[in-house]
$ cat upload.cif   # mmCIF, C-alpha atoms
data_final
loop_
_atom_site.label_atom_id
_atom_site.label_comp_id
_atom_site.auth_asym_id
_atom_site.auth_seq_id
_atom_site.Cartn_x
_atom_site.Cartn_y
_atom_site.Cartn_z
CA GLY Y 20 -7.07 2.55 17.20
CA GLY Y 21 -5.80 1.77 20.66
CA SER Y 22 -2.60 2.95 22.31
CA SER Y 23 -0.60 0.29 20.43
CA SER Y 24 -1.85 1.47 17.04
CA PRO Y 25 0.73 3.23 14.83
CA PHE Y 26 -1.96 5.87 14.30
CA ALA Y 27 -2.27 6.63 18.03
CA GLY Y 28 -1.62 10.27 18.76
CA LEU Y 29 -1.99 11.41 15.14
CA GLY Y 30 -5.31 13.09 15.87
CA LEU Y 31 -7.46 11.38 13.26
CA ARG Y 32 -10.82 13.03 12.79
CA LEU Y 33 -14.12 11.36 13.59
CA HIS Y 34 -15.05 10.58 9.98
CA GLN Y 35 -11.63 8.97 9.45
CA GLU Y 36 -11.85 6.79 12.55
CA SER Y 37 -15.47 5.89 11.73
CA ALA Y 38 -14.58 4.50 8.30
CA ALA Y 39 -11.62 2.58 9.74
CA PHE Y 40 -13.81 1.22 12.55
CA LEU Y 41 -16.29 -0.21 10.05
CA MET Y 42 -13.73 -1.86 7.76
CA HIS Y 43 -11.58 -4.58 9.31
CA PRO Y 44 -11.50 -8.40 9.10
CA ALA Y 45 -13.80 -8.90 12.10
CA SER Y 46 -16.40 -6.40 10.90
CA PRO Y 47 -19.78 -7.68 9.64
CA PHE Y 48 -19.48 -5.19 6.77
CA GLN Y 49 -17.95 -6.52 3.55
CA ARG Y 50 -18.38 -3.35 1.47
CA LEU Y 51 -18.39 0.34 2.24
CA LEU Y 52 -18.93 3.42 0.07
CA VAL Y 53 -17.26 6.50 1.54
CA ASP Y 54 -18.17 9.96 0.22
CA HIS Y 55 -15.72 12.69 1.23
CA ALA Y 56 -14.92 16.12 -0.10
CA THR Y 57 -11.48 16.98 -1.45
CA GLY Y 58 -8.94 17.62 1.31
CA THR Y 59 -10.69 15.64 4.04
CA GLY Y 60 -7.97 13.00 4.42
CA LYS Y 61 -9.19 10.21 2.11
CA THR Y 62 -5.72 8.77 1.58
CA LEU Y 63 -5.11 8.54 5.31
CA ILE Y 64 -8.41 6.66 5.66
CA ILE Y 65 -7.18 4.21 3.01
CA LEU Y 66 -3.92 3.70 4.90
CA ARG Y 67 -5.79 3.23 8.16
CA ILE Y 68 -8.06 0.57 6.62
CA LEU Y 69 -5.15 -1.20 4.93
CA ASP Y 70 -3.36 -1.35 8.27
CA ASN Y 71 -6.45 -3.04 9.71
CA TYR Y 72 -6.03 -5.78 7.10
CA PHE Y 73 -2.26 -6.17 7.54
CA ASP Y 74 -2.66 -9.65 9.07
CA ASP Y 75 -5.41 -10.71 6.66
CA PRO Y 76 -4.29 -13.50 4.27
CA ARG Y 77 -5.98 -11.87 1.26
CA PRO Y 78 -3.92 -9.62 -1.07
CA LYS Y 79 -4.58 -5.91 -0.69
CA ILE Y 80 -5.21 -3.93 -3.90
CA ALA Y 81 -5.64 -0.16 -4.04
CA ILE Y 82 -6.95 1.15 -7.36
CA PHE Y 83 -6.51 4.78 -8.42
CA PRO Y 84 -7.47 6.81 -11.52
CA LYS Y 85 -3.94 7.55 -12.76
CA GLU Y 86 -0.32 6.54 -12.24
CA ARG Y 87 0.35 9.91 -10.64
CA VAL Y 88 -2.22 9.15 -7.95
CA CYS Y 89 -0.66 5.71 -7.40
CA ASP Y 90 2.68 7.44 -6.81
CA ASN Y 91 1.03 9.80 -4.34
CA PHE Y 92 -0.39 6.79 -2.49
CA TYR Y 93 3.11 5.36 -2.04
CA LYS Y 94 4.37 8.78 -0.91
CA GLU Y 95 1.69 8.73 1.78
CA LEU Y 96 2.75 5.19 2.74
CA LEU Y 97 6.27 6.52 3.23
CA LYS Y 98 4.96 9.51 5.16
CA TRP Y 99 2.63 7.94 7.72
CA PRO Y 100 3.52 5.38 10.42
CA THR Y 101 1.89 2.05 9.57
CA ARG Y 102 2.95 -1.56 9.88
CA TRP Y 103 3.41 -1.54 6.12
CA ARG Y 104 6.04 1.20 6.43
CA HIS Y 105 7.63 -0.54 9.39
CA TYR Y 106 8.01 -3.75 7.36
CA PHE Y 107 9.46 -1.84 4.39
CA ALA Y 108 11.92 0.05 6.60
CA HIS Y 109 13.38 -3.16 8.00
CA LEU Y 110 13.78 -4.62 4.52
CA CYS Y 111 15.22 -1.41 3.04
CA PRO Y 112 16.93 0.48 5.90
CA ILE Y 113 18.99 2.74 3.59
CA ASP Y 114 15.86 3.89 1.77
CA ALA Y 115 14.06 4.29 5.09
CA SER Y 116 16.90 6.45 6.36
CA LEU Y 117 16.47 8.76 3.38
CA ALA Y 118 12.69 8.89 3.70
CA SER Y 119 12.78 9.54 7.44
CA GLY Y 120 15.55 12.12 7.25
CA ALA Y 121 17.43 10.36 10.06
CA LYS Y 122 20.59 8.24 10.07
CA ASP Y 123 18.66 5.61 12.02
CA TRP Y 124 15.05 5.56 10.81
CA ARG Y 125 13.97 3.76 14.00
CA ARG Y 126 14.35 7.01 15.93
CA LYS Y 127 11.42 8.31 13.88
CA ARG Y 128 9.52 5.04 13.66
CA LEU Y 129 6.29 6.52 15.03
CA GLU Y 130 6.63 9.95 13.42
CA VAL Y 131 5.29 11.45 10.22
CA TRP Y 132 8.13 11.55 7.65
CA ASP Y 133 8.77 14.59 5.47
CA LEU Y 134 9.89 13.65 1.93
CA ASN Y 135 11.27 17.14 1.52
CA ASN Y 136 13.87 16.59 4.24
CA GLU Y 137 17.52 17.65 4.19
CA ARG Y 138 18.80 14.08 3.84
CA ILE Y 139 16.93 13.56 0.57
CA ARG Y 140 18.00 16.99 -0.67
CA PHE Y 141 21.63 16.21 0.10
CA GLU Y 142 21.36 12.86 -1.73
CA ALA Y 143 19.97 14.56 -4.82
CA LYS Y 144 22.72 17.19 -4.74
CA ARG Y 145 25.45 14.60 -4.16
CA ARG Y 146 24.34 12.58 -7.19
CA GLY Y 147 23.58 15.61 -9.33
CA ILE Y 148 19.96 14.64 -9.94
CA ARG Y 149 16.58 16.22 -9.29
CA LEU Y 150 14.89 15.77 -5.94
CA GLU Y 151 11.92 14.17 -7.69
CA ARG Y 152 14.22 11.42 -9.03
CA VAL Y 153 15.25 10.40 -5.50
CA ILE Y 154 11.62 10.36 -4.37
CA GLN Y 155 10.66 8.22 -7.39
CA GLU Y 156 13.36 5.74 -6.37
CA LEU Y 157 11.90 5.59 -2.85
CA ILE Y 158 8.44 5.00 -4.34
CA ALA Y 159 9.82 2.14 -6.44
CA ALA Y 160 11.54 0.65 -3.39
CA ILE Y 161 8.44 0.57 -1.17
CA ARG Y 162 6.26 -0.67 -4.05
CA GLU Y 163 8.62 -3.59 -4.69
CA ALA Y 164 8.93 -4.44 -0.99
CA LEU Y 165 5.17 -4.48 -0.35
CA GLU Y 166 4.36 -6.31 -3.57
CA MET Y 167 6.36 -9.26 -2.17
CA ARG Y 168 6.71 -10.65 -5.69
CA LYS Y 169 9.68 -12.88 -4.80
CA SER Y 170 7.68 -14.43 -1.96
CA LEU Y 171 4.89 -15.76 -4.18
CA HIS Y 172 4.75 -19.28 -5.59
CA ARG Y 173 1.72 -20.85 -7.26
CA GLY Y 174 -0.57 -18.19 -5.84
CA ARG Y 175 0.67 -18.49 -2.26
CA VAL Y 176 3.12 -16.67 -0.01
CA LYS Y 177 6.02 -19.04 0.59
CA PRO Y 178 6.35 -19.96 4.31
CA SER Y 179 10.13 -20.02 3.85
CA PHE Y 180 10.06 -16.35 2.86
CA VAL Y 181 8.16 -15.35 6.02
CA ALA Y 182 10.42 -17.52 8.18
CA ARG Y 183 13.55 -15.92 6.72
CA ILE Y 184 12.25 -12.39 7.28
CA MET Y 185 11.29 -13.18 10.87
CA GLN Y 186 14.69 -14.75 11.50
CA GLU Y 187 16.60 -11.82 10.02
CA HIS Y 188 14.34 -9.18 11.60
CA PRO Y 189 12.89 -10.47 14.90
CA ASN Y 190 9.75 -8.71 16.16
CA VAL Y 191 9.12 -7.11 12.77
CA PRO Y 192 5.51 -7.24 11.51
CA VAL Y 193 5.35 -9.35 8.33
CA PRO Y 194 2.24 -8.97 6.14
CA ARG Y 195 0.26 -12.12 5.44
CA ALA Y 196 -0.21 -11.07 1.81
CA PRO Y 197 1.08 -8.43 -0.63
CA LEU Y 198 -0.11 -4.87 -1.16
CA ARG Y 199 -0.12 -3.21 -4.59
CA ALA Y 200 -1.54 -0.06 -6.12
CA PHE Y 201 -2.86 -0.13 -9.70
CA ARG Y 202 -4.30 2.54 -11.94
CA TYR Y 203 -7.73 1.82 -13.36
CA THR Y 204 -6.48 0.87 -16.82
CA THR Y 205 -3.99 -1.65 -15.43
CA ALA Y 206 -6.37 -3.12 -12.87
CA GLY Y 207 -9.01 -3.72 -15.52
CA GLY Y 208 -6.55 -4.55 -18.27
CA GLY Y 209 -3.19 -6.29 -18.34
CA ALA Y 210 -3.02 -7.20 -14.65
CA SER Y 211 -6.34 -9.04 -14.61
CA GLU Y 212 -6.15 -10.70 -18.02
CA LEU Y 213 -6.13 -14.47 -17.88
CA GLY Y 214 -3.24 -16.26 -19.53
CA SER Y 215 -3.33 -19.42 -21.64
CA ASP Y 216 -3.21 -21.41 -18.39
CA GLY Y 217 -6.44 -19.75 -17.20
CA TRP Y 218 -4.70 -17.79 -14.43
CA PRO Y 219 -4.28 -13.98 -14.06
CA GLN Y 220 -1.19 -12.47 -15.62
CA HIS Y 221 -0.13 -10.57 -12.50
CA PRO Y 222 1.39 -12.77 -9.72
CA LEU Y 223 -0.46 -10.91 -6.96
CA LEU Y 224 -3.86 -11.66 -8.50
CA LYS Y 225 -3.01 -15.35 -8.57
CA VAL Y 226 -3.13 -15.43 -4.77
CA GLY Y 227 -6.52 -16.84 -3.76
CA PHE Y 228 -7.61 -17.19 -7.40
CA ASP Y 229 -10.17 -19.90 -8.19
CA PRO Y 230 -9.92 -21.05 -11.85
CA SER Y 231 -13.52 -22.25 -11.74
CA GLU Y 232 -14.73 -18.75 -10.78
CA LEU Y 233 -12.60 -16.73 -13.23
CA ASN Y 234 -12.73 -13.57 -11.08
CA PRO Y 235 -9.17 -12.34 -10.35
CA TYR Y 236 -10.50 -9.95 -7.67
CA ALA Y 237 -12.33 -12.58 -5.64
CA ARG Y 238 -10.79 -13.17 -2.20
CA LYS Y 239 -8.96 -9.84 -2.33
CA VAL Y 240 -9.23 -6.71 -0.21
CA VAL Y 241 -9.93 -4.03 -2.83
CA ILE Y 242 -10.04 -0.28 -2.21
CA MET Y 243 -11.02 2.00 -5.08
CA ASP Y 244 -10.31 5.70 -5.01
CA GLU Y 245 -12.60 8.18 -6.79
CA CYS Y 246 -14.87 5.40 -8.00
CA HIS Y 247 -17.31 8.00 -9.29
CA ASN Y 248 -15.02 8.12 -12.35
CA LEU Y 249 -16.40 4.70 -13.30
CA VAL Y 250 -19.92 6.08 -13.70
CA ARG Y 251 -20.90 7.72 -16.96
CA PRO Y 252 -23.44 10.56 -16.70
CA CYS Y 253 -26.82 9.64 -18.11
CA GLN Y 254 -29.43 12.23 -19.03
CA VAL Y 255 -32.19 9.93 -17.81
CA TYR Y 256 -31.05 10.47 -14.22
CA GLU Y 257 -30.09 14.14 -14.41
#

$ encode --input "upload.cif" --output "structure tokens"
Amino acid sequence: GGSSSPFAGLGLRLHQESAAFLMHPASPFQRLLVDHATGTGKTLIILRILDNYFDDPRPKIAIFPKERVCDNFYKELLKWPTRWRHYFAHLCPIDASLASGAKDWRRKRLEVWDLNNERIRFEAKRRGIRLERVIQELIAAIREALEMRKSLHRGRVKPSFVARIMQEHPNVPVPRAPLRAFRYTTAGGGASELGSDGWPQHPLLKVGFDPSELNPYARKVVIMDECHNLVRPCQVYE
């Protein structure tokens, strides 16, 4: 990204920038298969691509193998500076203060946040709970904020919701559509099932849904992690 990008100065590697360069709303590419080894920064690539689509009116859906990996995705969202984190921090400043480790999270707006910081540790000790419990609460907070469930009505983001956020938090980036992480079983199961009215069960999947098409993932920005898990080995091709 350019100098105004929240990723500027983070030293992204060439393969990370290349994937992000290819996937954005103005790109001629609609699909991309990325093959990376473990430990090469796949999650950061996902965040970089999702930030490219922040202003895109289609819902953003990240699909992971297990709930644990979904949680890790939200931890990375809390860790890295993106417009998604910036939006969350303005909506939930107390949670952002904990996650950033600073009394005023805005002092660390462009920094990488450490979820093992002293502020979180003190909060866990003060309440007599495990550190992991505090982090899980932060995960739940950012998931709820980015899902924007209260802003949706009849498959659309309510203009009044956006107007209120912009009035309460001037100059804050507001996403055009929600972001949600699902595990495989939820994405292909309960979330995408059609109700008796012919619409998807999950509110996010109703955004952009066409009842005549019956595909809840049409007109969505979908990123799948470890999609090789969807392929069953076949002796014919071994």

$ atom_distance --input "upload.cif" --atom1 "atom CA of Ile139 of chain Y" --atom2 "atom CA of Leu69 of chain Y"
26.9 Å

$ atom_distance --input "upload.cif" --atom1 "atom CA of Phe83 of chain Y" --atom2 "atom CA of Arg175 of chain Y"
25.1 Å

$ resolve_selection --input "upload.cif" --expression "the PyMOL selection byres ((chain Y and resi 123) around 12)" --output "list of chain:residue names"
Y:Ala108, Y:His109, Y:Cys111, Y:Pro112, Y:Ile113, Y:Asp114, Y:Ala115, Y:Ser116, Y:Leu117, Y:Ala118, Y:Ser119, Y:Gly120, Y:Ala121, Y:Lys122, Y:Trp124, Y:Arg125, Y:Arg126, Y:Lys127, Y:Arg128, Y:Arg138

$ closest_residue --input "upload.cif" --among "Y:Asp75, Y:His34, Y:Glu151, Y:Ala182" --to "His55 of chain Y" --atoms "all atoms listed in the file"
Y:His34

$ closest_residue --input "upload.cif" --among "Y:Gly208, Y:Leu198, Y:Arg238, Y:Phe40" --to "Phe73 of chain Y" --atoms "only C-alpha atoms"
Y:Leu198

$ closest_residue --input "upload.cif" --among "Y:Lys61, Y:Lys239, Y:His221, Y:Arg162" --to "Lys79 of chain Y" --atoms "all atoms listed in the file"
Y:Lys239

$ closest_residue --input "upload.cif" --among "Y:Glu95, Y:Asp74, Y:Asp54, Y:Glu86" --to "Val131 of chain Y" --atoms "only C-alpha atoms"
Y:Glu95

$ resolve_selection --input "upload.cif" --expression "the PyMOL selection byres ((chain Y and resi 160) around 12)" --output "MDAnalysis selection string"
chainID Y and resid 90 93:94 96:97 104 107:108 110:115 117:118 153:159 161:167

$ atom_distance --input "upload.cif" --atom1 "atom CA of Val240 of chain Y" --atom2 "atom CA of Arg168 of chain Y"
17.3 Å

$ resolve_selection --input "upload.cif" --expression "the PyMOL selection byres ((chain Y and resi 222) around 9)" --output "ChimeraX atom specification"
/Y:168,171-174,210,219-221,223-226

$ closest_residue --input "upload.cif" --among "Y:Ala237, Y:Leu213, Y:Leu33, Y:Cys89" --to "Gly60 of chain Y" --atoms "only C-alpha atoms"
Y:Leu33

$ axis_aligned_box --input "upload.cif" --around "segment 141-149 of chain Y" --padding-each-side "6 Å" --output "lines of an AutoDock Vina configuration file"
center_x = 21.0
center_y = 14.9
center_z = -4.9
size_x = 20.9
size_y = 16.6
size_z = 22.0

$ closest_residue --input "upload.cif" --among "Y:Asn91, Y:Ser37, Y:Ser46, Y:Thr204" --to "Thr62 of chain Y" --atoms "all atoms listed in the file"
Y:Asn91
